[in-house]
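Below is one structure, written out as structure tokens; the observations come after it.
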Protein chains: 2
Amino acid sequence: MFKKKNISLAVVRRLPRYLRYVEDLLNHDIMRISSSELSQRMGYTASQVRQDFNNFGGFGQQGYGYSTQVLYENLVKILGLDRNFKMVIVGVGNLGQALANYANFYKKGFRLIGLFDIDPQKVGKTIRDIKIEHIDKLKDFIKKNDVDIGVLCVPADVAQEVADIMVEGGIKGIWNFTAKEIEVKGDVVVENVHLIDSLMVLSYKLNEKLLEKERIK
Amino acid sequence: MFKKKNISLAVVRRLPRYLRYVEDLLNHDIMRISSSELSQRMGYTASQVRQDFNNFGGFGQQGYGYSTQVLYENLVKILGLDRNFKMVIVGVGNLGQALANYANFYKKGFRLIGLFDIDPQKVGKTIRDIKIEHIDKLKDFIKKNDVDIGVLCVPADVAQEVADIMVEGGIKGIWNFTAKEIEVKGDVVVENVHLIDSLMVLSYKLNEKLLEKERIK
DNA sequence: TAGATTGTTAATCGATTAACAATC
DNA sequence: TAGATTGTTAATCGATTAACAATC
């Protein structure tokens, strides 16, 4: 029933949003929903909703719609949230700390099991009961604990270097918060969060509006 | 020379990446580049590079390529970075602090001029020479200082409420870090950064690899 | 001028939307 | 059964790639 061909990234990027809406429905005790109703709430077309879900095998019921519970369980499975991936954060600056304290990750089944930094002032301190270790111990830790995800929150100039250590340790995926585009060999998966890019897109849109107003004048 | 029709969001989202690469070229004193060379470095096709740039009027030269300097200046202008937008951060928790200290924003011309929180413990403290004010003063501050961008780093359950205050104050754009989808009226621009969505996409990809391996066995 | 590379039109590819038969 | 809504095929739309004439 699961996985036919390759699912396009456009579809995959919509899945977390579906999950968010379905969770919301469950929280409001809404136990069934039609593709047309869901699409209206989310600003998609009903066609797109059905196409998206049918990429993973139909879990709707003709004449009835979708069971919110079934939808929820399937999305969790499709997104791999039931794997409870283990992760470590490397670079415990402001951002690293923010992520360590971000409760949403735990709710979604991700398990933070290690924190690493190079600053001796930080090593030994604890956040959420996890002791910050020196980055020298990163590679062995990943190996020993079979860590899945490395969260890269170090300064841009050492990003590649630290990514290399992660890969050598056998990391499976890197969540990259640095402005650098890191290179990894093998089949290590990288997901970039370029915050500054997102801000620049906002800036573009604001500038567009201003240009419009200036043209009208 | 600027702006023909509506540029697709797909193109806009590539612009910051172009800027990043062009900056890198400048840092290495590379003063000209062809679409084919740039495309190779970035993993695009040469066609796409030329199409993308030509959305904004041709700033290349036939037989020569693109001047890195000209490219840089145009990208800065297109993205509105020369507007030096004013911004405030609301919610000075770990994430808000991380953003306040994120040097890249200043380098790209964004000016942080205010910090706001509801916690009396935080009000009065300063970060980067900016005093944290109580959220009660947010609306007036936005009005008085003609703030462009509001960075929303508050807990999810008050996201909409705080967004409303921003809009009432006359904010032009909201950079939303909460997991909630906020609703704004008028022509306020919203750019969402759903961190958890990004992590779930990584999780999806990891799960996909694991399923593949399990199938082979 | 000859060579190189852009700007732009045309062709292709993929994603979204529409339509409808299948079926609960 | 009749009504509703899915699953799926076909049509449309938009974005990417290829091709080539224009021109530096």
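Naming works like this for the structure tokens: A, B, ... for the chains as they're shown, residue 1 at the start of each chain, ligands 1 onward in shown order.
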Contact residues around C:DA19 with only C-alpha atoms (C1' of nucleotides) at 10 Å, ignoring same-chain residues under 2 positions, as a PDB file with N, CA, C and O atoms (P, O5', C5', C4', C3', O3' and C1' of nucleotides), in the first residue's frame:
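As written to disk, result12.pdb reads:
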ATOM      1  P    DT C  17      -4.131  23.926  -8.434  1.00  0.00           P
ATOM      2  O5'  DT C  17      -5.181  23.479  -9.535  1.00  0.00           O
ATOM      3  C5'  DT C  17      -5.174  24.136 -10.796  1.00  0.00           C
ATOM      4  C4'  DT C  17      -6.172  23.462 -11.709  1.00  0.00           C
ATOM      5  C3'  DT C  17      -7.558  23.284 -11.100  1.00  0.00           C
ATOM      6  O3'  DT C  17      -8.475  23.866 -12.009  1.00  0.00           O
ATOM      7  C1'  DT C  17      -6.777  21.238 -12.048  1.00  0.00           C
ATOM      8  P    DA C  21     -18.755   8.877 -16.576  1.00  0.00           P
ATOM      9  O5'  DA C  21     -18.140   7.421 -16.733  1.00  0.00           O
ATOM     10  C5'  DA C  21     -16.720   7.218 -16.908  1.00  0.00           C
ATOM     11  C4'  DA C  21     -16.170   6.351 -15.791  1.00  0.00           C
ATOM     12  C3'  DA C  21     -17.098   5.208 -15.372  1.00  0.00           C
ATOM     13  O3'  DA C  21     -16.288   4.079 -15.070  1.00  0.00           O
ATOM     14  C1'  DA C  21     -16.661   6.572 -13.510  1.00  0.00           C
TER      15       DA C  21
ATOM     16  P    DT D   9      -5.811   5.721 -14.089  1.00  0.00           P
ATOM     17  O5'  DT D   9      -6.451   5.909 -15.533  1.00  0.00           O
ATOM     18  C5'  DT D   9      -7.867   5.994 -15.708  1.00  0.00           C
ATOM     19  C4'  DT D   9      -8.203   7.262 -16.490  1.00  0.00           C
ATOM     20  C3'  DT D   9      -7.145   7.683 -17.512  1.00  0.00           C
ATOM     21  O3'  DT D   9      -7.808   8.082 -18.717  1.00  0.00           O
ATOM     22  C1'  DT D   9      -7.644   9.482 -16.109  1.00  0.00           C
ATOM     23  P    DA D  10      -6.984   8.477 -20.019  1.00  0.00           P
ATOM     24  O5'  DA D  10      -7.623   9.852 -20.457  1.00  0.00           O
ATOM     25  C5'  DA D  10      -8.866  10.317 -19.943  1.00  0.00           C
ATOM     26  C4'  DA D  10      -8.940  11.831 -20.119  1.00  0.00           C
ATOM     27  C3'  DA D  10      -8.050  12.407 -21.224  1.00  0.00           C
ATOM     28  O3'  DA D  10      -8.815  13.409 -21.898  1.00  0.00           O
ATOM     29  C1'  DA D  10      -7.488  13.411 -19.157  1.00  0.00           C
ATOM     30  P    DA D  11      -8.120  14.569 -22.738  1.00  0.00           P
ATOM     31  O5'  DA D  11      -8.065  15.761 -21.690  1.00  0.00           O
ATOM     32  C5'  DA D  11      -9.263  16.449 -21.328  1.00  0.00           C
ATOM     33  C4'  DA D  11      -8.917  17.836 -20.797  1.00  0.00           C
ATOM     34  C3'  DA D  11      -8.233  18.756 -21.807  1.00  0.00           C
ATOM     35  O3'  DA D  11      -8.775  20.063 -21.623  1.00  0.00           O
ATOM     36  C1'  DA D  11      -6.804  18.424 -19.932  1.00  0.00           C
TER      37       DA D  11
END
message: I want to know what sits within 8 Å of D:DG7, based on only C-alpha atoms (C1' of nucleotides), with residues of the same chain fewer than 5 positions away left out; could you give that as a PyMOL selection string?
response: chain A and resi 50+54+58
Using the selection just defined, write its residues with all heavy atoms as a PDB file, in the first residue's frame.
ATOM      1  N   ARG A  50      -6.703  15.222  -3.021  1.00  0.00           N
ATOM      2  CA  ARG A  50      -6.880  13.804  -3.347  1.00  0.00           C
ATOM      3  C   ARG A  50      -5.660  13.242  -4.071  1.00  0.00           C
ATOM      4  O   ARG A  50      -5.209  12.135  -3.789  1.00  0.00           O
ATOM      5  CB  ARG A  50      -8.136  13.621  -4.194  1.00  0.00           C
ATOM      6  CG  ARG A  50      -9.417  13.921  -3.422  1.00  0.00           C
ATOM      7  CD  ARG A  50     -10.631  13.246  -4.028  1.00  0.00           C
ATOM      8  NE  ARG A  50     -10.951  13.712  -5.364  1.00  0.00           N
ATOM      9  CZ  ARG A  50     -11.649  14.816  -5.632  1.00  0.00           C
ATOM     10  NH1 ARG A  50     -12.085  15.587  -4.654  1.00  0.00           N
ATOM     11  NH2 ARG A  50     -11.913  15.166  -6.870  1.00  0.00           N
ATOM     12  N   ASN A  54      -3.305  10.269  -2.677  1.00  0.00           N
ATOM     13  CA  ASN A  54      -3.277   9.047  -3.472  1.00  0.00           C
ATOM     14  C   ASN A  54      -1.885   8.657  -3.935  1.00  0.00           C
ATOM     15  O   ASN A  54      -1.678   7.542  -4.421  1.00  0.00           O
ATOM     16  CB  ASN A  54      -4.226   9.169  -4.656  1.00  0.00           C
ATOM     17  CG  ASN A  54      -5.591   8.686  -4.264  1.00  0.00           C
ATOM     18  OD1 ASN A  54      -6.333   9.397  -3.592  1.00  0.00           O
ATOM     19  ND2 ASN A  54      -5.887   7.448  -4.602  1.00  0.00           N
ATOM     20  N   GLY A  58      -4.701   5.009  -1.488  1.00  0.00           N
ATOM     21  CA  GLY A  58      -5.919   5.692  -1.031  1.00  0.00           C
ATOM     22  C   GLY A  58      -6.270   5.329   0.393  1.00  0.00           C
ATOM     23  O   GLY A  58      -6.448   4.157   0.694  1.00  0.00           O
TER      24      GLY A  58
END
- prompt: A:Ile135: which residues within 7 Å, counting only C-alpha atoms (C1' of nucleotides), same-chain residues fewer than 2 positions away excluded, as an MDAnalysis selection string?
  reply: chainID A and resid 116:118 133 137:138
task: Give me every strand (DSSP E or B) residue in stretch 28-194 of chain A, going by DSSP on the backbone, as a ChimeraX atom specification.
output: /A:32-33,61,65-67,86-90,111-117,126-127,130-134,149-152,173-176,189-192
query: Counting only C-alpha atoms (C1' of nucleotides), what is within 8 Å of D:DA4, bar same-chain residues fewer than 6 positions away, as a list in words?
result: Gln62, Gly63 and Tyr64 of chain A
For the residues in the current selection, export N, CA and C atoms as a PDB file, in the first residue's frame.
ATOM      1  N   GLN A  62     -14.925   6.224  -0.457  1.00  0.00           N
ATOM      2  CA  GLN A  62     -15.851   6.879  -1.370  1.00  0.00           C
ATOM      3  C   GLN A  62     -17.208   7.122  -0.714  1.00  0.00           C
ATOM      4  N   GLY A  63     -17.757   8.285  -0.954  1.00  0.00           N
ATOM      5  CA  GLY A  63     -19.052   8.629  -0.391  1.00  0.00           C
ATOM      6  C   GLY A  63     -18.986   9.131   1.038  1.00  0.00           C
ATOM      7  N   TYR A  64     -17.802   9.000   1.665  1.00  0.00           N
ATOM      8  CA  TYR A  64     -17.666   9.345   3.084  1.00  0.00           C
ATOM      9  C   TYR A  64     -16.636  10.444   3.303  1.00  0.00           C
TER      10      TYR A  64
END
Give as a PDB file with N, CA, C and O atoms, in the first residue's frame every residue of chain A that touches chain B within 6 Å, counting only C-alpha atoms.
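Saved as part_34.pdb:
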ATOM      1  N   PRO A  16       3.841  18.038   5.920  1.00  0.00           N
ATOM      2  CA  PRO A  16       3.795  18.540   7.300  1.00  0.00           C
ATOM      3  C   PRO A  16       2.631  19.490   7.528  1.00  0.00           C
ATOM      4  O   PRO A  16       2.047  19.531   8.609  1.00  0.00           O
ATOM      5  N   LEU A  79       5.781  10.296   7.057  1.00  0.00           N
ATOM      6  CA  LEU A  79       6.849  11.237   7.407  1.00  0.00           C
ATOM      7  C   LEU A  79       7.931  10.582   8.259  1.00  0.00           C
ATOM      8  O   LEU A  79       8.940  11.211   8.579  1.00  0.00           O
ATOM      9  N   GLY A  80       7.717   9.325   8.633  1.00  0.00           N
ATOM     10  CA  GLY A  80       8.747   8.621   9.408  1.00  0.00           C
ATOM     11  C   GLY A  80       8.826   9.068  10.853  1.00  0.00           C
ATOM     12  O   GLY A  80       9.815   8.824  11.530  1.00  0.00           O
ATOM     13  N   ASN A  94      23.163  30.678  20.642  1.00  0.00           N
ATOM     14  CA  ASN A  94      21.764  31.054  20.830  1.00  0.00           C
ATOM     15  C   ASN A  94      20.821  30.148  20.070  1.00  0.00           C
ATOM     16  O   ASN A  94      19.845  29.648  20.610  1.00  0.00           O
ATOM     17  N   LEU A  95      21.152  29.914  18.814  1.00  0.00           N
ATOM     18  CA  LEU A  95      20.260  29.119  17.976  1.00  0.00           C
ATOM     19  C   LEU A  95      20.221  27.666  18.442  1.00  0.00           C
ATOM     20  O   LEU A  95      19.148  27.076  18.568  1.00  0.00           O
ATOM     21  N   ALA A  98      18.144  27.462  21.429  1.00  0.00           N
ATOM     22  CA  ALA A  98      16.735  27.632  21.076  1.00  0.00           C
ATOM     23  C   ALA A  98      16.162  26.314  20.570  1.00  0.00           C
ATOM     24  O   ALA A  98      15.076  25.889  20.979  1.00  0.00           O
ATOM     25  N   GLU A 191      19.116  18.782   4.724  1.00  0.00           N
ATOM     26  CA  GLU A 191      17.983  19.714   4.628  1.00  0.00           C
ATOM     27  C   GLU A 191      18.459  21.061   5.156  1.00  0.00           C
ATOM     28  O   GLU A 191      18.914  21.187   6.292  1.00  0.00           O
ATOM     29  N   ASP A 197      17.837  33.676   3.711  1.00  0.00           N
ATOM     30  CA  ASP A 197      17.150  33.582   2.419  1.00  0.00           C
ATOM     31  C   ASP A 197      15.664  33.889   2.580  1.00  0.00           C
ATOM     32  O   ASP A 197      15.063  34.607   1.775  1.00  0.00           O
ATOM     33  N   LEU A 202      11.039  37.824   1.983  1.00  0.00           N
ATOM     34  CA  LEU A 202      10.107  38.796   2.577  1.00  0.00           C
ATOM     35  C   LEU A 202      10.452  40.205   2.105  1.00  0.00           C
ATOM     36  O   LEU A 202       9.575  40.989   1.722  1.00  0.00           O
ATOM     37  N   SER A 203      11.728  40.501   2.116  1.00  0.00           N
ATOM     38  CA  SER A 203      12.217  41.808   1.668  1.00  0.00           C
ATOM     39  C   SER A 203      11.821  42.064   0.212  1.00  0.00           C
ATOM     40  O   SER A 203      11.371  43.155  -0.148  1.00  0.00           O
ATOM     41  N   TYR A 204      11.967  41.048  -0.616  1.00  0.00           N
ATOM     42  CA  TYR A 204      11.573  41.160  -2.029  1.00  0.00           C
ATOM     43  C   TYR A 204      10.103  41.548  -2.159  1.00  0.00           C
ATOM     44  O   TYR A 204       9.747  42.456  -2.908  1.00  0.00           O
ATOM     45  N   ASN A 207       9.479  45.115  -1.025  1.00  0.00           N
ATOM     46  CA  ASN A 207       9.992  46.029  -2.045  1.00  0.00           C
ATOM     47  C   ASN A 207       9.038  46.112  -3.231  1.00  0.00           C
ATOM     48  O   ASN A 207       8.791  47.191  -3.771  1.00  0.00           O
TER      49      ASN A 207
END
Give as a JSON list (two decimals) with all heavy atoms, in the first residue's frame every residue of chain B that touches chain C within 12 Å, counting only C-alpha atoms (C1' of nucleotides).
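Listing of result_13.json after writing:
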[["chain", "number", "residue", "atom", "x", "y", "z"],
["B", 33, "ILE", "N", 31.46, 36.10, -15.03],
["B", 33, "ILE", "CA", 31.04, 34.70, -15.01],
["B", 33, "ILE", "C", 30.00, 34.47, -16.11],
["B", 33, "ILE", "O", 29.18, 35.35, -16.38],
["B", 33, "ILE", "CB", 30.46, 34.32, -13.62],
["B", 33, "ILE", "CG1", 30.17, 32.81, -13.52],
["B", 33, "ILE", "CG2", 29.16, 35.08, -13.33],
["B", 33, "ILE", "CD1", 30.95, 32.13, -12.46],
["B", 34, "SER", "N", 30.07, 33.32, -16.73],
["B", 34, "SER", "CA", 29.08, 33.00, -17.76],
["B", 34, "SER", "C", 27.94, 32.22, -17.13],
["B", 34, "SER", "O", 28.10, 31.63, -16.06],
["B", 34, "SER", "CB", 29.73, 32.16, -18.86],
["B", 34, "SER", "OG", 30.08, 30.89, -18.36],
["B", 35, "SER", "N", 26.81, 32.22, -17.78],
["B", 35, "SER", "CA", 25.66, 31.50, -17.25],
["B", 35, "SER", "C", 25.99, 30.01, -17.11],
["B", 35, "SER", "O", 25.54, 29.36, -16.17],
["B", 35, "SER", "CB", 24.44, 31.69, -18.16],
["B", 35, "SER", "OG", 24.73, 31.25, -19.47],
["B", 36, "SER", "N", 26.81, 29.50, -18.02],
["B", 36, "SER", "CA", 27.08, 28.06, -17.96],
["B", 36, "SER", "C", 27.99, 27.72, -16.77],
["B", 36, "SER", "O", 27.77, 26.73, -16.10],
["B", 36, "SER", "CB", 27.67, 27.56, -19.28],
["B", 36, "SER", "OG", 29.05, 27.76, -19.34],
["B", 37, "GLU", "N", 28.96, 28.58, -16.53],
["B", 37, "GLU", "CA", 29.84, 28.34, -15.38],
["B", 37, "GLU", "C", 29.07, 28.46, -14.07],
["B", 37, "GLU", "O", 29.17, 27.62, -13.18],
["B", 37, "GLU", "CB", 31.01, 29.34, -15.39],
["B", 37, "GLU", "CG", 31.73, 29.48, -14.08],
["B", 37, "GLU", "CD", 33.10, 28.85, -14.06],
["B", 37, "GLU", "OE1", 33.79, 28.92, -15.08],
["B", 37, "GLU", "OE2", 33.49, 28.28, -13.01],
["B", 46, "ALA", "N", 22.21, 26.21, -17.57],
["B", 46, "ALA", "CA", 22.58, 27.56, -18.02],
["B", 46, "ALA", "C", 21.33, 28.31, -18.48],
["B", 46, "ALA", "O", 21.20, 29.52, -18.27],
["B", 46, "ALA", "CB", 23.60, 27.47, -19.15],
["B", 47, "SER", "N", 20.44, 27.58, -19.11],
["B", 47, "SER", "CA", 19.18, 28.15, -19.57],
["B", 47, "SER", "C", 18.40, 28.80, -18.42],
["B", 47, "SER", "O", 17.90, 29.91, -18.54],
["B", 47, "SER", "CB", 18.31, 27.06, -20.18],
["B", 47, "SER", "OG", 18.20, 27.22, -21.56],
["B", 49, "VAL", "N", 19.50, 29.87, -15.54],
["B", 49, "VAL", "CA", 20.18, 31.05, -15.04],
["B", 49, "VAL", "C", 19.82, 32.26, -15.91],
["B", 49, "VAL", "O", 19.44, 33.32, -15.41],
["B", 49, "VAL", "CB", 21.70, 30.84, -15.02],
["B", 49, "VAL", "CG1", 22.44, 32.15, -14.74],
["B", 49, "VAL", "CG2", 22.08, 29.79, -13.97],
["B", 50, "ARG", "N", 19.91, 32.08, -17.22],
["B", 50, "ARG", "CA", 19.63, 33.20, -18.13],
["B", 50, "ARG", "C", 18.16, 33.61, -18.06],
["B", 50, "ARG", "O", 17.82, 34.80, -18.04],
["B", 50, "ARG", "CB", 20.02, 32.83, -19.56],
["B", 50, "ARG", "CG", 21.53, 32.66, -19.74],
["B", 50, "ARG", "CD", 21.95, 32.87, -21.19],
["B", 50, "ARG", "NE", 21.44, 31.85, -22.09],
["B", 50, "ARG", "CZ", 21.97, 30.64, -22.26],
["B", 50, "ARG", "NH1", 23.05, 30.29, -21.57],
["B", 50, "ARG", "NH2", 21.43, 29.77, -23.10],
["B", 51, "GLN", "N", 17.29, 32.60, -18.01],
["B", 51, "GLN", "CA", 15.86, 32.91, -17.88],
["B", 51, "GLN", "C", 15.58, 33.68, -16.59],
["B", 51, "GLN", "O", 14.85, 34.66, -16.59],
["B", 51, "GLN", "CB", 15.03, 31.62, -17.87],
["B", 51, "GLN", "CG", 14.95, 30.92, -19.21],
["B", 51, "GLN", "CD", 13.88, 31.51, -20.11],
["B", 51, "GLN", "OE1", 13.52, 32.66, -19.99],
["B", 51, "GLN", "NE2", 13.39, 30.71, -21.04],
["B", 52, "ASP", "N", 16.16, 33.20, -15.51],
["B", 52, "ASP", "CA", 15.93, 33.85, -14.22],
["B", 52, "ASP", "C", 16.36, 35.32, -14.27],
["B", 52, "ASP", "O", 15.59, 36.21, -13.91],
["B", 52, "ASP", "CB", 16.73, 33.12, -13.12],
["B", 52, "ASP", "CG", 16.04, 31.83, -12.67],
["B", 52, "ASP", "OD1", 14.88, 31.61, -13.05],
["B", 52, "ASP", "OD2", 16.67, 31.05, -11.93],
["B", 53, "PHE", "N", 17.55, 35.57, -14.73],
["B", 53, "PHE", "CA", 18.05, 36.94, -14.75],
["B", 53, "PHE", "C", 17.25, 37.81, -15.71],
["B", 53, "PHE", "O", 17.05, 38.99, -15.48],
["B", 53, "PHE", "CB", 19.54, 36.97, -15.13],
["B", 53, "PHE", "CG", 20.44, 36.40, -14.06],
["B", 53, "PHE", "CD1", 21.75, 36.05, -14.35],
["B", 53, "PHE", "CD2", 19.98, 36.20, -12.77],
["B", 53, "PHE", "CE1", 22.58, 35.51, -13.37],
["B", 53, "PHE", "CE2", 20.80, 35.66, -11.78],
["B", 53, "PHE", "CZ", 22.10, 35.31, -12.09],
["B", 54, "ASN", "N", 16.81, 37.21, -16.80],
["B", 54, "ASN", "CA", 16.10, 38.00, -17.80],
["B", 54, "ASN", "C", 14.69, 38.40, -17.38],
["B", 54, "ASN", "O", 14.07, 39.23, -18.02],
["B", 54, "ASN", "CB", 16.08, 37.27, -19.13],
["B", 54, "ASN", "CG", 17.29, 37.65, -19.94],
["B", 54, "ASN", "OD1", 18.38, 37.17, -19.68],
["B", 54, "ASN", "ND2", 17.11, 38.59, -20.85],
["B", 55, "ASN", "N", 14.22, 37.80, -16.30],
["B", 55, "ASN", "CA", 12.96, 38.25, -15.74],
["B", 55, "ASN", "C", 13.06, 39.70, -15.29],
["B", 55, "ASN", "O", 12.06, 40.41, -15.20],
["B", 55, "ASN", "CB", 12.59, 37.40, -14.52],
["B", 55, "ASN", "CG", 11.95, 36.10, -14.91],
["B", 55, "ASN", "OD1", 10.98, 36.08, -15.64],
["B", 55, "ASN", "ND2", 12.51, 35.00, -14.43],
["B", 56, "PHE", "N", 14.27, 40.12, -15.00],
["B", 56, "PHE", "CA", 14.47, 41.47, -14.44],
["B", 56, "PHE", "C", 15.18, 42.38, -15.42],
["B", 56, "PHE", "O", 15.71, 43.42, -15.05],
["B", 56, "PHE", "CB", 15.26, 41.36, -13.13],
["B", 56, "PHE", "CG", 14.62, 40.44, -12.15],
["B", 56, "PHE", "CD1", 15.04, 39.11, -12.05],
["B", 56, "PHE", "CD2", 13.56, 40.86, -11.37],
["B", 56, "PHE", "CE1", 14.43, 38.25, -11.16],
["B", 56, "PHE", "CE2", 12.96, 40.01, -10.47],
["B", 56, "PHE", "CZ", 13.38, 38.70, -10.37],
["B", 57, "GLY", "N", 15.19, 41.99, -16.69],
["B", 57, "GLY", "CA", 15.90, 42.78, -17.70],
["B", 57, "GLY", "C", 17.33, 42.29, -17.79],
["B", 57, "GLY", "O", 17.93, 41.92, -16.79],
["B", 58, "GLY", "N", 17.84, 42.23, -18.99],
["B", 58, "GLY", "CA", 19.15, 41.63, -19.20],
["B", 58, "GLY", "C", 20.28, 42.46, -18.62],
["B", 58, "GLY", "O", 20.43, 43.60, -18.99],
["B", 59, "PHE", "N", 21.02, 41.87, -17.70],
["B", 59, "PHE", "CA", 22.22, 42.58, -17.28],
["B", 59, "PHE", "C", 23.48, 41.82, -17.60],
["B", 59, "PHE", "O", 24.49, 41.94, -16.94],
["B", 59, "PHE", "CB", 22.19, 43.02, -15.81],
["B", 59, "PHE", "CG", 21.33, 42.18, -14.90],
["B", 59, "PHE", "CD1", 21.77, 40.94, -14.47],
["B", 59, "PHE", "CD2", 20.09, 42.65, -14.48],
["B", 59, "PHE", "CE1", 20.98, 40.18, -13.62],
["B", 59, "PHE", "CE2", 19.31, 41.89, -13.63],
["B", 59, "PHE", "CZ", 19.75, 40.65, -13.20],
["B", 60, "GLY", "N", 23.39, 41.01, -18.66],
["B", 60, "GLY", "CA", 24.60, 40.35, -19.15],
["B", 60, "GLY", "C", 25.08, 41.05, -20.41],
["B", 60, "GLY", "O", 24.52, 42.06, -20.82],
["B", 61, "GLN", "N", 26.14, 40.49, -20.97],
["B", 61, "GLN", "CA", 26.68, 41.07, -22.20],
["B", 61, "GLN", "C", 27.00, 39.92, -23.14],
["B", 61, "GLN", "O", 27.73, 38.99, -22.78],
["B", 61, "GLN", "CB", 27.94, 41.86, -21.86],
["B", 61, "GLN", "CG", 28.27, 42.93, -22.86],
["B", 61, "GLN", "CD", 29.50, 43.71, -22.43],
["B", 61, "GLN", "OE1", 29.75, 43.90, -21.25],
["B", 61, "GLN", "NE2", 30.28, 44.14, -23.41],
["B", 62, "GLN", "N", 26.44, 39.97, -24.35],
["B", 62, "GLN", "CA", 26.66, 38.85, -25.27],
["B", 62, "GLN", "C", 28.14, 38.68, -25.58],
["B", 62, "GLN", "O", 28.87, 39.65, -25.77],
["B", 62, "GLN", "CB", 25.87, 39.07, -26.56],
["B", 62, "GLN", "CG", 24.43, 38.59, -26.44],
["B", 62, "GLN", "CD", 23.44, 39.48, -27.12],
["B", 62, "GLN", "OE1", 23.62, 40.69, -27.09],
["B", 62, "GLN", "NE2", 22.43, 38.89, -27.72],
["B", 63, "GLY", "N", 28.58, 37.45, -25.63],
["B", 63, "GLY", "CA", 29.98, 37.17, -25.93],
["B", 63, "GLY", "C", 30.90, 37.31, -24.74],
["B", 63, "GLY", "O", 32.07, 36.92, -24.79],
["B", 64, "TYR", "N", 30.38, 37.85, -23.65],
["B", 64, "TYR", "CA", 31.23, 38.13, -22.47],
["B", 64, "TYR", "C", 30.76, 37.37, -21.24],
["B", 64, "TYR", "O", 31.54, 36.71, -20.55],
["B", 64, "TYR", "CB", 31.23, 39.64, -22.22],
["B", 64, "TYR", "CG", 31.96, 40.08, -20.97],
["B", 64, "TYR", "CD1", 33.32, 40.37, -20.99],
["B", 64, "TYR", "CD2", 31.27, 40.23, -19.76],
["B", 64, "TYR", "CE1", 33.98, 40.79, -19.84],
["B", 64, "TYR", "CE2", 31.92, 40.63, -18.60],
["B", 64, "TYR", "CZ", 33.28, 40.92, -18.65],
["B", 64, "TYR", "OH", 33.93, 41.32, -17.52],
["B", 65, "GLY", "N", 29.47, 37.47, -20.98],
["B", 65, "GLY", "CA", 28.92, 36.87, -19.78],
["B", 65, "GLY", "C", 28.36, 37.94, -18.87],
["B", 65, "GLY", "O", 27.86, 38.97, -19.35],
["B", 66, "TYR", "N", 28.43, 37.70, -17.56],
["B", 66, "TYR", "CA", 27.90, 38.66, -16.59],
["B", 66, "TYR", "C", 29.03, 39.23, -15.75],
["B", 66, "TYR", "O", 29.93, 38.52, -15.33],
["B", 66, "TYR", "CB", 26.89, 37.98, -15.68],
["B", 66, "TYR", "CG", 25.67, 37.44, -16.40],
["B", 66, "TYR", "CD1", 25.69, 36.16, -16.97],
["B", 66, "TYR", "CD2", 24.52, 38.20, -16.54],
["B", 66, "TYR", "CE1", 24.58, 35.67, -17.64],
["B", 66, "TYR", "CE2", 23.41, 37.71, -17.21],
["B", 66, "TYR", "CZ", 23.44, 36.44, -17.76],
["B", 66, "TYR", "OH", 22.36, 35.96, -18.44]]
task: Write down as a ChimeraX atom specification the residues of stretch 167-215 of chain B whose backbone DSSP state falls under helix (DSSP H, G or I).
output: /B:167-169,195-215
message: With only C-alpha atoms (C1' of nucleotides) as the counted atoms, please give the residues lying no more than 12 Å from A:Gln160, apart from itself and same-chain residues fewer than 6 positions off, as an MDAnalysis selection string.
response: chainID A and resid 152:154 166:167 174 176:185
